[in-house]
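A.B. asks: The file below is data.txt, compact mmCIF, N, CA and C atoms:
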```txt
# COMPACT_ATOMS: atom_id res chain seq x y z
N MET V 698 99.23 57.73 118.81
CA MET V 698 100.12 58.77 118.32
C MET V 698 99.41 60.12 118.43
N SER V 699 100.10 61.11 118.93
CA SER V 699 99.55 62.44 119.10
C SER V 699 99.61 63.21 117.78
N THR V 700 98.55 63.92 117.47
CA THR V 700 98.54 64.75 116.26
C THR V 700 98.94 66.18 116.59
N GLN V 701 99.34 66.42 117.82
CA GLN V 701 99.67 67.76 118.28
C GLN V 701 100.82 68.39 117.49
N ASN V 702 101.80 67.61 117.05
CA ASN V 702 102.95 68.16 116.35
C ASN V 702 102.88 68.00 114.84
N ILE V 703 101.82 67.41 114.33
CA ILE V 703 101.68 67.24 112.88
C ILE V 703 101.25 68.56 112.27
N PRO V 704 101.99 69.06 111.27
CA PRO V 704 101.63 70.34 110.65
C PRO V 704 100.26 70.28 109.99
N THR V 705 99.53 71.38 110.08
CA THR V 705 98.23 71.46 109.43
C THR V 705 98.36 71.96 107.99
N ALA V 706 99.47 72.62 107.68
CA ALA V 706 99.70 73.12 106.32
C ALA V 706 101.20 73.33 106.12
N THR V 707 101.60 73.29 104.87
CA THR V 707 103.00 73.47 104.49
C THR V 707 103.13 74.67 103.58
N PHE V 708 104.15 75.47 103.81
CA PHE V 708 104.45 76.63 102.97
C PHE V 708 105.89 76.56 102.49
N ILE V 709 106.12 77.06 101.29
CA ILE V 709 107.46 77.13 100.72
C ILE V 709 107.99 78.55 100.93
N LEU V 710 109.24 78.66 101.35
CA LEU V 710 109.91 79.95 101.50
C LEU V 710 110.86 80.08 100.31
N HIS V 711 110.42 80.81 99.29
CA HIS V 711 111.15 80.88 98.02
C HIS V 711 112.07 82.09 97.95
N GLU V 712 113.36 81.80 97.84
CA GLU V 712 114.39 82.82 97.66
C GLU V 712 114.45 83.83 98.81
N LEU V 713 114.02 83.44 100.00
CA LEU V 713 114.14 84.33 101.16
C LEU V 713 115.51 84.12 101.79
N ASP V 714 116.19 85.22 102.13
CA ASP V 714 117.48 85.03 102.80
C ASP V 714 117.22 84.45 104.19
N GLU V 715 118.24 83.84 104.76
CA GLU V 715 118.08 83.11 106.01
C GLU V 715 117.51 83.96 107.14
N SER V 716 117.96 85.18 107.24
CA SER V 716 117.50 86.07 108.31
C SER V 716 116.01 86.39 108.17
N LEU V 717 115.59 86.71 106.97
CA LEU V 717 114.18 87.04 106.73
C LEU V 717 113.30 85.80 106.94
N ALA V 718 113.76 84.64 106.47
CA ALA V 718 113.01 83.40 106.66
C ALA V 718 112.88 83.08 108.15
N ALA V 719 113.96 83.28 108.90
CA ALA V 719 113.93 83.00 110.34
C ALA V 719 112.95 83.94 111.06
N GLN V 720 112.92 85.20 110.67
CA GLN V 720 111.98 86.15 111.28
C GLN V 720 110.54 85.75 110.98
N LEU V 721 110.28 85.35 109.76
CA LEU V 721 108.93 84.94 109.37
C LEU V 721 108.50 83.68 110.15
N CYS V 722 109.38 82.71 110.22
CA CYS V 722 109.07 81.48 110.95
C CYS V 722 108.87 81.75 112.44
N GLU V 723 109.65 82.65 112.99
CA GLU V 723 109.50 83.01 114.41
C GLU V 723 108.13 83.66 114.65
N ALA V 724 107.70 84.52 113.74
CA ALA V 724 106.40 85.18 113.88
C ALA V 724 105.26 84.17 113.73
N ALA V 725 105.51 83.07 113.03
CA ALA V 725 104.48 82.05 112.83
C ALA V 725 104.60 80.91 113.83
N ALA V 726 105.53 81.01 114.76
CA ALA V 726 105.76 79.94 115.73
C ALA V 726 104.48 79.57 116.47
N GLY V 727 104.29 78.28 116.66
CA GLY V 727 103.12 77.79 117.37
C GLY V 727 101.91 77.59 116.49
N SER V 728 102.05 77.82 115.21
CA SER V 728 100.90 77.74 114.31
C SER V 728 100.72 76.35 113.67
N ARG V 729 101.59 75.39 114.01
CA ARG V 729 101.52 74.04 113.44
C ARG V 729 101.65 74.05 111.91
N LEU V 730 102.51 74.91 111.42
CA LEU V 730 102.78 74.97 109.99
C LEU V 730 104.20 74.51 109.75
N ALA V 731 104.44 73.94 108.59
CA ALA V 731 105.79 73.54 108.19
C ALA V 731 106.26 74.48 107.09
N PHE V 732 107.52 74.88 107.16
CA PHE V 732 108.11 75.78 106.17
C PHE V 732 109.33 75.10 105.55
N TYR V 733 109.42 75.12 104.21
CA TYR V 733 110.53 74.53 103.49
C TYR V 733 111.15 75.57 102.58
N PRO V 734 112.47 75.73 102.64
CA PRO V 734 113.13 76.72 101.76
C PRO V 734 113.30 76.18 100.34
N SER V 735 113.31 77.09 99.38
CA SER V 735 113.65 76.74 98.00
C SER V 735 114.52 77.86 97.44
N SER V 736 115.45 77.48 96.58
CA SER V 736 116.37 78.47 96.05
C SER V 736 116.30 78.60 94.53
N SER V 737 115.35 77.91 93.91
CA SER V 737 115.15 78.07 92.47
C SER V 737 113.67 77.87 92.16
N THR V 738 113.24 78.42 91.05
CA THR V 738 111.84 78.31 90.67
C THR V 738 111.45 76.84 90.46
N SER V 739 112.31 76.08 89.80
CA SER V 739 111.96 74.67 89.56
C SER V 739 111.89 73.90 90.87
N GLU V 740 112.80 74.18 91.81
CA GLU V 740 112.74 73.52 93.11
C GLU V 740 111.47 73.90 93.86
N CYS V 741 111.10 75.17 93.80
CA CYS V 741 109.88 75.64 94.47
C CYS V 741 108.66 74.92 93.93
N LEU V 742 108.54 74.84 92.62
CA LEU V 742 107.38 74.18 92.00
C LEU V 742 107.34 72.69 92.34
N ALA V 743 108.50 72.05 92.32
CA ALA V 743 108.55 70.62 92.65
C ALA V 743 108.16 70.39 94.11
N LEU V 744 108.70 71.20 95.02
CA LEU V 744 108.34 71.08 96.44
C LEU V 744 106.85 71.33 96.66
N ALA V 745 106.34 72.35 96.01
CA ALA V 745 104.93 72.70 96.17
C ALA V 745 104.03 71.53 95.77
N LYS V 746 104.36 70.88 94.67
CA LYS V 746 103.55 69.74 94.21
C LYS V 746 103.74 68.53 95.13
N ARG V 747 105.00 68.22 95.44
CA ARG V 747 105.30 67.03 96.24
C ARG V 747 104.74 67.13 97.65
N LEU V 748 104.80 68.32 98.24
CA LEU V 748 104.36 68.50 99.62
C LEU V 748 102.91 68.97 99.73
N HIS V 749 102.25 69.17 98.58
CA HIS V 749 100.88 69.70 98.56
C HIS V 749 100.84 71.00 99.39
N ALA V 750 101.77 71.90 99.06
CA ALA V 750 101.92 73.14 99.82
C ALA V 750 100.66 73.99 99.76
N ALA V 751 100.41 74.67 100.86
CA ALA V 751 99.26 75.57 100.96
C ALA V 751 99.56 76.92 100.33
N GLY V 752 100.85 77.23 100.14
CA GLY V 752 101.21 78.51 99.56
C GLY V 752 102.71 78.72 99.55
N VAL V 753 103.10 79.87 99.01
CA VAL V 753 104.51 80.22 98.87
C VAL V 753 104.71 81.63 99.41
N PHE V 754 105.76 81.78 100.20
CA PHE V 754 106.25 83.11 100.58
C PHE V 754 107.46 83.36 99.71
N CYS V 755 107.37 84.36 98.83
CA CYS V 755 108.39 84.60 97.80
C CYS V 755 109.11 85.92 98.04
N SER V 756 110.39 85.94 97.72
CA SER V 756 111.18 87.16 97.81
C SER V 756 110.54 88.26 96.96
N ALA V 757 110.64 89.50 97.44
CA ALA V 757 110.07 90.64 96.72
C ALA V 757 110.92 91.06 95.53
N GLU V 758 112.06 90.43 95.32
CA GLU V 758 112.90 90.77 94.18
C GLU V 758 112.04 90.61 92.93
N PRO V 759 111.79 91.71 92.19
CA PRO V 759 110.81 91.69 91.09
C PRO V 759 111.02 90.60 90.05
N GLY V 760 112.24 90.38 89.62
CA GLY V 760 112.49 89.35 88.60
C GLY V 760 112.11 87.97 89.09
N GLU V 761 112.48 87.64 90.31
CA GLU V 761 112.19 86.31 90.86
C GLU V 761 110.70 86.12 91.10
N CYS V 762 110.07 87.14 91.63
CA CYS V 762 108.63 87.09 91.91
C CYS V 762 107.85 86.86 90.61
N ARG V 763 108.11 87.66 89.60
CA ARG V 763 107.40 87.52 88.33
C ARG V 763 107.67 86.17 87.68
N LYS V 764 108.92 85.72 87.75
CA LYS V 764 109.29 84.43 87.17
C LYS V 764 108.49 83.31 87.82
N LEU V 765 108.42 83.32 89.14
CA LEU V 765 107.68 82.28 89.86
C LEU V 765 106.20 82.33 89.50
N LEU V 766 105.61 83.50 89.54
CA LEU V 766 104.18 83.64 89.24
C LEU V 766 103.87 83.20 87.81
N THR V 767 104.74 83.54 86.87
CA THR V 767 104.54 83.14 85.47
C THR V 767 104.62 81.63 85.32
N ARG V 768 105.63 81.01 85.93
CA ARG V 768 105.78 79.55 85.84
C ARG V 768 104.63 78.82 86.51
N MET V 769 104.15 79.35 87.63
CA MET V 769 103.01 78.72 88.30
C MET V 769 101.79 78.76 87.40
N LYS V 770 101.57 79.89 86.74
CA LYS V 770 100.43 80.04 85.85
C LYS V 770 100.56 79.07 84.66
N GLU V 771 101.76 78.98 84.08
CA GLU V 771 102.00 78.08 82.95
C GLU V 771 101.73 76.62 83.33
N LYS V 772 102.09 76.25 84.55
CA LYS V 772 101.93 74.88 85.01
C LYS V 772 100.54 74.60 85.59
N GLY V 773 99.70 75.63 85.66
CA GLY V 773 98.36 75.46 86.22
C GLY V 773 98.38 75.22 87.72
N LEU V 774 99.44 75.66 88.37
CA LEU V 774 99.59 75.48 89.81
C LEU V 774 98.99 76.71 90.50
N ARG V 775 97.83 76.49 91.10
CA ARG V 775 97.12 77.60 91.75
C ARG V 775 97.27 77.48 93.26
N MET V 776 97.96 78.44 93.82
CA MET V 776 98.08 78.52 95.27
C MET V 776 98.47 79.94 95.62
N PRO V 777 98.18 80.36 96.83
CA PRO V 777 98.52 81.72 97.24
C PRO V 777 100.03 81.96 97.24
N VAL V 778 100.42 83.14 96.77
CA VAL V 778 101.81 83.57 96.81
C VAL V 778 101.85 84.90 97.54
N VAL V 779 102.62 84.93 98.62
CA VAL V 779 102.79 86.16 99.41
C VAL V 779 104.21 86.65 99.16
N VAL V 780 104.32 87.88 98.73
CA VAL V 780 105.62 88.48 98.48
C VAL V 780 106.13 89.08 99.79
N VAL V 781 107.39 88.76 100.10
CA VAL V 781 107.98 89.15 101.37
C VAL V 781 109.15 90.10 101.12
N SER V 782 109.15 91.21 101.86
CA SER V 782 110.20 92.20 101.70
C SER V 782 110.78 92.59 103.04
N ARG V 783 111.99 93.05 102.99
CA ARG V 783 112.62 93.57 104.20
C ARG V 783 112.14 95.00 104.47
N ILE V 784 111.85 95.74 103.40
CA ILE V 784 111.44 97.15 103.52
C ILE V 784 110.12 97.33 102.76
N PRO V 785 109.07 97.83 103.42
CA PRO V 785 107.79 98.02 102.72
C PRO V 785 107.85 99.22 101.76
N GLU V 786 107.70 98.94 100.49
CA GLU V 786 107.67 99.99 99.48
C GLU V 786 106.41 99.82 98.64
N VAL V 787 105.71 100.90 98.42
CA VAL V 787 104.44 100.86 97.70
C VAL V 787 104.63 100.30 96.29
N SER V 788 105.68 100.71 95.59
CA SER V 788 105.88 100.23 94.21
C SER V 788 106.09 98.71 94.18
N GLU V 789 106.83 98.17 95.17
CA GLU V 789 107.02 96.73 95.27
C GLU V 789 105.70 96.02 95.50
N TRP V 790 104.93 96.54 96.43
CA TRP V 790 103.64 95.95 96.79
C TRP V 790 102.71 95.94 95.58
N LEU V 791 102.58 97.09 94.91
CA LEU V 791 101.70 97.17 93.74
C LEU V 791 102.17 96.26 92.61
N GLY V 792 103.48 96.24 92.37
CA GLY V 792 104.03 95.38 91.33
C GLY V 792 103.74 93.92 91.59
N ALA V 793 103.88 93.52 92.84
CA ALA V 793 103.63 92.12 93.22
C ALA V 793 102.17 91.74 92.99
N ILE V 794 101.26 92.59 93.44
CA ILE V 794 99.83 92.31 93.29
C ILE V 794 99.44 92.30 91.81
N GLU V 795 99.97 93.27 91.05
CA GLU V 795 99.66 93.33 89.62
C GLU V 795 100.19 92.10 88.88
N SER V 796 101.27 91.52 89.38
CA SER V 796 101.84 90.32 88.76
C SER V 796 101.09 89.04 89.13
N GLY V 797 100.18 89.14 90.11
CA GLY V 797 99.38 87.98 90.47
C GLY V 797 99.58 87.46 91.88
N ALA V 798 100.41 88.15 92.67
CA ALA V 798 100.59 87.71 94.05
C ALA V 798 99.30 87.89 94.83
N THR V 799 99.11 87.05 95.83
CA THR V 799 97.92 87.10 96.67
C THR V 799 97.99 88.21 97.70
N ASP V 800 99.20 88.40 98.26
CA ASP V 800 99.37 89.40 99.31
C ASP V 800 100.84 89.77 99.41
N TYR V 801 101.13 90.67 100.33
CA TYR V 801 102.47 91.22 100.50
C TYR V 801 102.68 91.45 101.99
N CYS V 802 103.87 91.17 102.49
CA CYS V 802 104.19 91.50 103.88
C CYS V 802 105.64 91.94 103.97
N ALA V 803 105.93 92.74 104.98
CA ALA V 803 107.28 93.27 105.15
C ALA V 803 107.71 93.16 106.61
N ALA V 804 109.01 92.98 106.79
CA ALA V 804 109.58 92.94 108.14
C ALA V 804 109.54 94.35 108.74
N PRO V 805 109.50 94.48 110.03
CA PRO V 805 109.48 93.41 111.02
C PRO V 805 108.10 92.76 111.07
N PHE V 806 108.07 91.45 111.22
CA PHE V 806 106.82 90.71 111.22
C PHE V 806 106.26 90.66 112.64
N GLU V 807 105.02 91.03 112.75
CA GLU V 807 104.31 90.96 114.03
C GLU V 807 103.53 89.65 114.06
N ARG V 808 103.56 88.97 115.17
CA ARG V 808 102.90 87.67 115.30
C ARG V 808 101.41 87.74 114.91
N HIS V 809 100.70 88.76 115.36
CA HIS V 809 99.26 88.84 115.05
C HIS V 809 99.02 89.11 113.56
N GLU V 810 99.91 89.87 112.92
CA GLU V 810 99.75 90.13 111.48
C GLU V 810 100.00 88.87 110.66
N ILE V 811 101.04 88.12 111.02
CA ILE V 811 101.34 86.88 110.31
C ILE V 811 100.24 85.86 110.55
N SER V 812 99.73 85.81 111.77
CA SER V 812 98.63 84.90 112.09
C SER V 812 97.41 85.23 111.23
N TRP V 813 97.07 86.50 111.13
CA TRP V 813 95.93 86.93 110.30
C TRP V 813 96.17 86.57 108.84
N LEU V 814 97.38 86.82 108.35
CA LEU V 814 97.73 86.52 106.96
C LEU V 814 97.59 85.02 106.69
N LEU V 815 98.13 84.20 107.58
CA LEU V 815 98.04 82.75 107.41
C LEU V 815 96.59 82.27 107.44
N GLN V 816 95.78 82.83 108.33
CA GLN V 816 94.37 82.46 108.40
C GLN V 816 93.65 82.81 107.10
N SER V 817 94.03 83.94 106.50
CA SER V 817 93.38 84.34 105.25
C SER V 817 93.84 83.48 104.08
N LEU V 818 95.06 82.94 104.16
CA LEU V 818 95.59 82.11 103.07
C LEU V 818 95.05 80.69 103.08
N LEU V 819 94.84 80.14 104.24
CA LEU V 819 94.48 78.73 104.32
C LEU V 819 93.17 78.38 103.62
N PRO V 820 92.11 79.17 103.74
CA PRO V 820 90.89 78.82 102.97
C PRO V 820 91.14 78.84 101.46
N ALA V 821 91.92 79.80 100.98
CA ALA V 821 92.23 79.87 99.54
C ALA V 821 93.04 78.67 99.12
N ALA V 822 94.00 78.26 99.95
CA ALA V 822 94.83 77.11 99.63
C ALA V 822 93.99 75.84 99.59
N GLU V 823 93.09 75.67 100.55
CA GLU V 823 92.25 74.48 100.58
C GLU V 823 91.35 74.44 99.35
N GLN V 824 90.85 75.58 98.92
CA GLN V 824 89.99 75.65 97.73
C GLN V 824 90.79 75.24 96.49
N ALA V 825 92.05 75.69 96.38
CA ALA V 825 92.87 75.35 95.23
C ALA V 825 93.18 73.85 95.20
N LEU V 826 93.36 73.25 96.37
CA LEU V 826 93.65 71.82 96.42
C LEU V 826 92.44 70.98 96.01
N VAL V 827 91.26 71.49 96.30
CA VAL V 827 90.03 70.76 95.97
C VAL V 827 89.74 70.86 94.47
N SER V 828 90.03 72.00 93.86
CA SER V 828 89.72 72.24 92.44
C SER V 828 90.50 71.34 91.51
```
Can you present the structure in this file as structure tokens?
C.D. replies:
Amino acid sequence: MSTQNIPTATFILHELDESLAAQLCEAAAGSRLAFYPSSSTSECLALAKRLHAAGVFCSAEPGECRKLLTRMKEKGLRMPVVVVSRIPEVSEWLGAIESGATDYCAAPFERHEISWLLQSLLPAAEQALVS
């Protein structure tokens, strides 16, 4: 059996609209990663645990982002969370980081930027899985 198509890591796409999720997945194409959508905080947390997710790409909507980060902290679930926005705004970026997000990215997604972001997330995700 070939391991060529087996994903090396799994990420959850939390509360991302279909268009934004499709753009992100397209920018990550060829990276041997699996992406699973979630539409509620409880579904995101359950998927993350069940799939041993390497991280979460979360909508930049402030209420949803903070809710997810708070619930993850309460549950002791440590993994990178990247806040994703359609429009890069400094206040959104700062709010996300101050709330505990690992990083922030905004459309349009460039393949090399997403590749760099994913490379920076994977060591942190592996460390959290080992701990």
A.B. asks: Go through V:Gly792, V:Tyr733, V:Ser756, V:Ala725 and flag the residue nearest Phe806 of chain V, using all atoms listed in the file for the distances.
C.D. replies: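 Selected residue with least distance to Phe806 of chain V: V:Ala725.
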A.B. asks: Ranking V:Ala803, V:Glu712, V:Leu774, V:Glu789 by minimum distance to Glu761 of chain V and counting all atoms listed in the file, which one comes first?
C.D. replies: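 Among V:Ala803, V:Glu712, V:Leu774, V:Glu789, it is V:Glu712 that comes nearest to Glu761 of chain V.
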A.B. asks: Counting only C-alpha atoms, which of V:Ser728, V:Thr705, V:Thr738, V:Ser817 gets nearest to Arg763 of chain V?
C.D. replies: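 Among the listed residues, V:Thr738 lies closest to Arg763 of chain V.
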A.B. asks: Just how far from atom C of Ser736 of chain V is atom C of His711 of chain V, in Å to one decimal?
C.D. replies: 6.5 Å
A.B. asks: Out of chain V, which residues get alpha helix (DSSP H) from DSSP, as a count of residues only?
C.D. replies: 65
A.B. asks: What are the closest atom pairs, with distances in Å to one decimal, for all residues of segment 758-813 of chain V lying within 8 Å of segment 747-751 of chain V? Consider all atoms listed in the file, order rows by chain and residue number, and present the result as a Markdown table.
C.D. replies:
```
| residue | atom | partner | partner_atom | distance |
| --- | --- | --- | --- | --- |
| V:Arg775 | C | V:Ala751 | C | 7.5 |
| V:Met776 | CA | V:Ala751 | C | 5.5 |
| V:Pro777 | N | V:Ala751 | C | 5.1 |
| V:Val778 | N | V:Ala751 | C | 7.2 |
```
A.B. asks: Applying 12 Å and only C-alpha atoms, which residues near Ala719 of chain V remain after dropping the ones on its own chain fewer than 4 positions away? List them as a list in words.
C.D. replies: Leu710, Leu713, Asp714, Glu715, Glu723, Ala724, Ala725, Ala726, Phe732, Tyr733, Pro734, Ala804, Pro805 and Phe806 of chain V
A.B. asks: Please report the interatomic distance between atom CA of Gly760 of chain V and atom N of Phe708 of chain V in Å with one decimal.
C.D. replies: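 Atom N of Phe708 of chain V lies 22.2 Å from atom CA of Gly760 of chain V.
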A.B. asks: Quick one: of V:Thr799, V:Ser716, V:Ser782, V:Thr707, who's nearest to Leu730 of chain V, counting only C-alpha atoms?
C.D. replies: V:Thr707
A.B. asks: Please give the complete set of residues from chain V that DSSP, run on the backbone, assigns to strand (DSSP E or B), formatted as JSON, numbers by chain.
C.D. replies: {"V": [706, 707, 708, 709, 710, 711, 730, 731, 732, 733, 734, 735, 752, 753, 754, 755, 756, 778, 779, 780, 781, 782, 800, 801, 802, 803]}
A.B. asks: Keeping only N, CA and C atoms, take the residues you just selected and write them out as an mmCIF file, keeping the file's coordinate frame.
C.D. replies:
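The new file part.cif reads:
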```cif
data_model
loop_
_atom_site.group_PDB
_atom_site.id
_atom_site.type_symbol
_atom_site.label_atom_id
_atom_site.label_comp_id
_atom_site.auth_asym_id
_atom_site.auth_seq_id
_atom_site.Cartn_x
_atom_site.Cartn_y
_atom_site.Cartn_z
ATOM 1 N N ALA V 706 99.470 72.620 107.680
ATOM 2 C CA ALA V 706 99.700 73.120 106.320
ATOM 3 C C ALA V 706 101.200 73.330 106.120
ATOM 4 N N THR V 707 101.600 73.290 104.870
ATOM 5 C CA THR V 707 103.000 73.470 104.490
ATOM 6 C C THR V 707 103.130 74.670 103.580
ATOM 7 N N PHE V 708 104.150 75.470 103.810
ATOM 8 C CA PHE V 708 104.450 76.630 102.970
ATOM 9 C C PHE V 708 105.890 76.560 102.490
ATOM 10 N N ILE V 709 106.120 77.060 101.290
ATOM 11 C CA ILE V 709 107.460 77.130 100.720
ATOM 12 C C ILE V 709 107.990 78.550 100.930
ATOM 13 N N LEU V 710 109.240 78.660 101.350
ATOM 14 C CA LEU V 710 109.910 79.950 101.500
ATOM 15 C C LEU V 710 110.860 80.080 100.310
ATOM 16 N N HIS V 711 110.420 80.810 99.290
ATOM 17 C CA HIS V 711 111.150 80.880 98.020
ATOM 18 C C HIS V 711 112.070 82.090 97.950
ATOM 19 N N LEU V 730 102.510 74.910 111.420
ATOM 20 C CA LEU V 730 102.780 74.970 109.990
ATOM 21 C C LEU V 730 104.200 74.510 109.750
ATOM 22 N N ALA V 731 104.440 73.940 108.590
ATOM 23 C CA ALA V 731 105.790 73.540 108.190
ATOM 24 C C ALA V 731 106.260 74.480 107.090
ATOM 25 N N PHE V 732 107.520 74.880 107.160
ATOM 26 C CA PHE V 732 108.110 75.780 106.170
ATOM 27 C C PHE V 732 109.330 75.100 105.550
ATOM 28 N N TYR V 733 109.420 75.120 104.210
ATOM 29 C CA TYR V 733 110.530 74.530 103.490
ATOM 30 C C TYR V 733 111.150 75.570 102.580
ATOM 31 N N PRO V 734 112.470 75.730 102.640
ATOM 32 C CA PRO V 734 113.130 76.720 101.760
ATOM 33 C C PRO V 734 113.300 76.180 100.340
ATOM 34 N N SER V 735 113.310 77.090 99.380
ATOM 35 C CA SER V 735 113.650 76.740 98.000
ATOM 36 C C SER V 735 114.520 77.860 97.440
ATOM 37 N N GLY V 752 100.850 77.230 100.140
ATOM 38 C CA GLY V 752 101.210 78.510 99.560
ATOM 39 C C GLY V 752 102.710 78.720 99.550
ATOM 40 N N VAL V 753 103.100 79.870 99.010
ATOM 41 C CA VAL V 753 104.510 80.220 98.870
ATOM 42 C C VAL V 753 104.710 81.630 99.410
ATOM 43 N N PHE V 754 105.760 81.780 100.200
ATOM 44 C CA PHE V 754 106.250 83.110 100.580
ATOM 45 C C PHE V 754 107.460 83.360 99.710
ATOM 46 N N CYS V 755 107.370 84.360 98.830
ATOM 47 C CA CYS V 755 108.390 84.600 97.800
ATOM 48 C C CYS V 755 109.110 85.920 98.040
ATOM 49 N N SER V 756 110.390 85.940 97.720
ATOM 50 C CA SER V 756 111.180 87.160 97.810
ATOM 51 C C SER V 756 110.540 88.260 96.960
ATOM 52 N N VAL V 778 100.420 83.140 96.770
ATOM 53 C CA VAL V 778 101.810 83.570 96.810
ATOM 54 C C VAL V 778 101.850 84.900 97.540
ATOM 55 N N VAL V 779 102.620 84.930 98.620
ATOM 56 C CA VAL V 779 102.790 86.160 99.410
ATOM 57 C C VAL V 779 104.210 86.650 99.160
ATOM 58 N N VAL V 780 104.320 87.880 98.730
ATOM 59 C CA VAL V 780 105.620 88.480 98.480
ATOM 60 C C VAL V 780 106.130 89.080 99.790
ATOM 61 N N VAL V 781 107.390 88.760 100.100
ATOM 62 C CA VAL V 781 107.980 89.150 101.370
ATOM 63 C C VAL V 781 109.150 90.100 101.120
ATOM 64 N N SER V 782 109.150 91.210 101.860
ATOM 65 C CA SER V 782 110.200 92.200 101.700
ATOM 66 C C SER V 782 110.780 92.590 103.040
ATOM 67 N N ASP V 800 99.200 88.400 98.260
ATOM 68 C CA ASP V 800 99.370 89.400 99.310
ATOM 69 C C ASP V 800 100.840 89.770 99.410
ATOM 70 N N TYR V 801 101.130 90.670 100.330
ATOM 71 C CA TYR V 801 102.470 91.220 100.500
ATOM 72 C C TYR V 801 102.680 91.450 101.990
ATOM 73 N N CYS V 802 103.870 91.170 102.490
ATOM 74 C CA CYS V 802 104.190 91.500 103.880
ATOM 75 C C CYS V 802 105.640 91.940 103.970
ATOM 76 N N ALA V 803 105.930 92.740 104.980
ATOM 77 C CA ALA V 803 107.280 93.270 105.150
ATOM 78 C C ALA V 803 107.710 93.160 106.610
#
```
A.B. asks: So how many Å separate atom C of Glu771 of chain V and atom CA of Leu742 of chain V, to one decimal?
C.D. replies: 10.6 Å
A.B. asks: Could you give me, as JSON, numbers by chain, the residues within 6.5 Å of Val780 of chain V, counting only N, CA and C atoms and dropping anything in the same chain fewer than 6 positions from it?
C.D. replies: {"V": [753, 754, 755, 756, 757, 798, 799, 800, 801, 802, 803]}
A.B. asks: Restricting the output to N, CA and C atoms, write the selected residues as a PDB file, in the coordinates of the input.
C.D. replies:
```
ATOM      1  N   VAL V 753     103.100  79.870  99.010  1.00  0.00           N
ATOM      2  CA  VAL V 753     104.510  80.220  98.870  1.00  0.00           C
ATOM      3  C   VAL V 753     104.710  81.630  99.410  1.00  0.00           C
ATOM      4  N   PHE V 754     105.760  81.780 100.200  1.00  0.00           N
ATOM      5  CA  PHE V 754     106.250  83.110 100.580  1.00  0.00           C
ATOM      6  C   PHE V 754     107.460  83.360  99.710  1.00  0.00           C
ATOM      7  N   CYS V 755     107.370  84.360  98.830  1.00  0.00           N
ATOM      8  CA  CYS V 755     108.390  84.600  97.800  1.00  0.00           C
ATOM      9  C   CYS V 755     109.110  85.920  98.040  1.00  0.00           C
ATOM     10  N   SER V 756     110.390  85.940  97.720  1.00  0.00           N
ATOM     11  CA  SER V 756     111.180  87.160  97.810  1.00  0.00           C
ATOM     12  C   SER V 756     110.540  88.260  96.960  1.00  0.00           C
ATOM     13  N   ALA V 757     110.640  89.500  97.440  1.00  0.00           N
ATOM     14  CA  ALA V 757     110.070  90.640  96.720  1.00  0.00           C
ATOM     15  C   ALA V 757     110.920  91.060  95.530  1.00  0.00           C
ATOM     16  N   ALA V 798     100.410  88.150  92.670  1.00  0.00           N
ATOM     17  CA  ALA V 798     100.590  87.710  94.050  1.00  0.00           C
ATOM     18  C   ALA V 798      99.300  87.890  94.830  1.00  0.00           C
ATOM     19  N   THR V 799      99.110  87.050  95.830  1.00  0.00           N
ATOM     20  CA  THR V 799      97.920  87.100  96.670  1.00  0.00           C
ATOM     21  C   THR V 799      97.990  88.210  97.700  1.00  0.00           C
ATOM     22  N   ASP V 800      99.200  88.400  98.260  1.00  0.00           N
ATOM     23  CA  ASP V 800      99.370  89.400  99.310  1.00  0.00           C
ATOM     24  C   ASP V 800     100.840  89.770  99.410  1.00  0.00           C
ATOM     25  N   TYR V 801     101.130  90.670 100.330  1.00  0.00           N
ATOM     26  CA  TYR V 801     102.470  91.220 100.500  1.00  0.00           C
ATOM     27  C   TYR V 801     102.680  91.450 101.990  1.00  0.00           C
ATOM     28  N   CYS V 802     103.870  91.170 102.490  1.00  0.00           N
ATOM     29  CA  CYS V 802     104.190  91.500 103.880  1.00  0.00           C
ATOM     30  C   CYS V 802     105.640  91.940 103.970  1.00  0.00           C
ATOM     31  N   ALA V 803     105.930  92.740 104.980  1.00  0.00           N
ATOM     32  CA  ALA V 803     107.280  93.270 105.150  1.00  0.00           C
ATOM     33  C   ALA V 803     107.710  93.160 106.610  1.00  0.00           C
TER      34      ALA V 803
END
```
A.B. asks: Taking only C-alpha atoms into account, which of V:Gln720, V:Gly752, V:Gly797, V:Ser737 comes nearest Lys770 of chain V?
C.D. replies: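 Of V:Gln720, V:Gly752, V:Gly797, V:Ser737, the one nearest Lys770 of chain V, counting only C-alpha atoms, is V:Gly797.
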A.B. asks: V:Leu744, V:Cys762, V:Leu819, V:Ile709: which is nearest Cys722 of chain V, counting only C-alpha atoms?
C.D. replies: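 Of V:Leu744, V:Cys762, V:Leu819, V:Ile709, the one nearest Cys722 of chain V, counting only C-alpha atoms, is V:Ile709.
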